[in-house]
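Trainee: Pasting in a structure now, in structure tokens, and then I'll have a few things to ask.
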Amino acid sequence: MLSGKWPTLENGGSGHCNYCKEIEDNGGKSDRLNMLEQANQVPPELDKNPRATTVTPKILEIFLNDTCNMKCTYCRADFSSQWRNEIRKFGALTDLDGRPMLGYTPDHKFVKKREDISGLVDKTVDWLRRNGHQLSRLHLLGGETFYQTELDEILDVLEITGHKNLEFNIISNLMVKEERFTSVLERIKKMCRDRKIGRFDLTVSIDGLGREIEYARTGLKCDHFGKLFALAVRQKWMVLHTNSVITSMSVKALPPLIEQVKEHRKINSKISMRINAVQRMPQLHPAAFGRDFWKHDIENILNLWPADDMHDRSQRDHIGSMFSAIKNQDPDLRLVKFFKHYLDQLDKRRNTNWREVFPYLDI
Ligand code: SF4
């Protein structure tokens with residue numbers, strides 16, 4: 001990056017930055033760009049030498065494990081135990097040419113690797129115990145974070161060591177039992193009060209509202225989500241965010257979510273919303289249906305999108321550029337065929353019917 005090139009394999013790098021690269025190449029706002037806007041993410045070494053490459057980490061993101069109670073259509077076996085079980089039971093998913101899709105086969109190497117990470121968790125907890133005071137942010141992800149036993153282990157460490165400036169963030173799908181949800185929140189609230197952490201952020205993953213989203217995120221029940229979300233909105237001591245993934249299945253379901261967040265902002269004005277397009281699943285990306293297909297939906301979303309602060313306005317611009325970056329005006333027929341082929345396979349396994357939920361996508 002210092003020589004103006006992404007560290008891709010072709011450029012002699014590790015390729016580990018491709019996730020952000022793909023988002024930026026598609027006109028999106030990557031984690032890399034988001035981090036640049038946060039002052040407390042700058043390692044102190046860079047104050048003296050802006051080109052330093054051995055620096056104190058300021059943010060730690062931990063994917064605790066893959067235990068998840070959902071199997072979102074754009075997720076895969078690396079991240080969700082539900083997905084892993086389904087692939088083991090029914091076998092690989094195939095592409096249009098009948099070839100197994102990378103990451104969707106029972107012998108995918110990440111599936112095996114994830115089963116043997118307990119040693120890594122111990123090392124991470126130990127690192128956190130010794131170095132946590134130097135971090136600005138700690139993010140926990142899954143799977144579903146509230147269902148992971150390691151969550152309690154991390155909370156134990158934070159309670160003992162106490163990092164009064166640390167911003168602690170949990171990412172959750174909110175399909176959690178209410179008792180577990182409220183008891184973890186109560187524990188974290190006490191940690192904030194006792195200055196064991198500086199701030200708590202809850203980032204809820206939700207792509208829209210309605211039956212389209214219950215299909216796209218298999219296992220989601222909007223009623224339950226809505227109940228816990230409303231409960232979180234009333235917890236003004238914490239900072240609440242929504243994080244949405246845009247796919248062809250979520251575009252028309254986004255407006256009700258925007259309306260709901262606007263309504264909740266009357267109670268808690270600090271709820272932020274963030275959006276990104278699905279990555280590495282071109283068949284699910286709205287681009288498969290072409291720019292014109294979504295014209296009215298995008299106008300509607302941009303009109304509804306709040307403009308209460310800078311973050312709102314920058315996300316609004318980001319959504320606009322995400323859709324104007326779609327190069328094809330008309331549907332890409334091969335990708336649309338792949339979209340149907342992919343969902344047909346899922347329907348057989350899940351006893352669902354995407355054509356009933358999304359008649360407008362059956363073109
Ligand atoms: S909730 Fe998250 S980890 Fe679970 S299936 Fe959905 S995207 Fe994957």
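How things are named: the first chain in the structure tokens is A, the next is B, and so on; residues count from 1 in each chain; ligands count from 1 in the order shown.
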Check every protein, DNA and RNA residue against ligand 1, keep those with an atom at most 6 Å away (counting only C-alpha atoms and all ligand atoms), and present them as JSON, numbers by chain.
Mentor: {"A": [68, 70, 71, 72, 75, 79, 80, 142, 143, 144, 173]}
Trainee: Quick one: which region 157-229 of chain A residues come within 12 Å of region 344-351 of chain A, and what is the nearest atom pair for each with the distance in Å to one decimal, counting only C-alpha atoms, rows ordered by chain and ascending number, as CSV?
Mentor:
```
residue,atom,partner,partner_atom,distance
A:Tyr215,CA,A:Asp347,CA,10.0
A:Ala216,CA,A:Leu346,CA,10.7
A:Arg217,CA,A:Leu346,CA,11.9
A:Thr218,CA,A:Arg350,CA,8.8
A:Gly219,CA,A:Arg350,CA,10.6
```
Trainee: Do you have, as a Markdown table, the list of residues of region 165-197 of chain A lying at most 12 Å from region 29-48 of chain A, each with its nearest atom pair and that distance in Å to one decimal, counting only C-alpha atoms and ordered by chain then number?
Mentor:
```
| residue | atom | partner | partner_atom | distance |
| --- | --- | --- | --- | --- |
| A:Asn165 | CA | A:Asn40 | CA | 10.1 |
| A:Leu166 | CA | A:Asn40 | CA | 10.1 |
| A:Glu167 | CA | A:Asn40 | CA | 9.9 |
```
Trainee: For the selection just defined, write its residues with C-alpha atoms to a file, as a tab-separated table (two decimals), in the first residue's frame.
Mentor:
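selection-v4.tsv, written as the output of this step:
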```tsv
chain	number	residue	atom	x	y	z
A	165	ASN	CA	-10.79	3.55	27.16
A	166	LEU	CA	-11.73	0.44	25.23
A	167	GLU	CA	-14.66	0.53	22.82
```
Trainee: Counting only C-alpha atoms, which residue out of A:His311, A:Lys164, A:His296, A:Arg234 sits closest to Lys252 (chain A)?
Mentor: A:His296
Trainee: Could you pull out the helix (DSSP H, G or I) residues of region 126-294 of chain A, going by DSSP on the backbone, and write them as a PyMOL selection string?
Mentor: chain A and resi 126-134+145-147+149-161+178-193+211-216+222-233+251-264+286-289+292-294
Trainee: Quick check, in Å to one decimal: how far apart do CA of Leu128 (chain A) and CA of Met238 (chain A) lie?
Mentor: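 Between CA of Leu128 (chain A) and CA of Met238 (chain A) the gap works out to 22.2 Å.
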Trainee: Would you kindly return, as a PyMOL selection string, each protein, DNA or RNA residue with an atom no farther than 12 Å from any atom of Asp223 (chain A), considering only C-alpha atoms and excluding same-chain residues fewer than 2 positions away?
Mentor: chain A and resi 174-175+209-211+213-214+219-221+225-230
Trainee: Using only C-alpha atoms, which residues sit within 8 Å of Ile171 (chain A) once same-chain residues fewer than 3 positions away are excluded, as a ChimeraX atom specification?
Mentor: /A:139-142,144-145,202-205
Trainee: Any chance you can output those residues with C-alpha atoms as a short mmCIF file (atom, residue, chain, number, x, y, z; two decimals), in the first residue's frame?
Mentor:
```cif
data_model
loop_
_atom_site.label_atom_id
_atom_site.label_comp_id
_atom_site.auth_asym_id
_atom_site.auth_seq_id
_atom_site.Cartn_x
_atom_site.Cartn_y
_atom_site.Cartn_z
CA HIS A 139 -14.93 -6.44 17.96
CA LEU A 140 -16.49 -9.85 18.52
CA LEU A 141 -18.10 -11.67 15.61
CA GLY A 142 -19.29 -15.18 14.83
CA GLU A 144 -23.77 -15.63 16.44
CA THR A 145 -21.75 -13.99 19.19
CA LEU A 202 -24.01 -3.28 19.59
CA THR A 203 -24.00 -3.79 15.83
CA VAL A 204 -27.05 -5.65 14.61
CA SER A 205 -26.97 -7.40 11.27
#
```
Trainee: From a DSSP calculation on the backbone, collect every residue of region 57-164 of chain A in strand (DSSP E) and output the set as a PyMOL selection string.
Mentor: chain A and resi 59-63+71-72+137-141+163-164
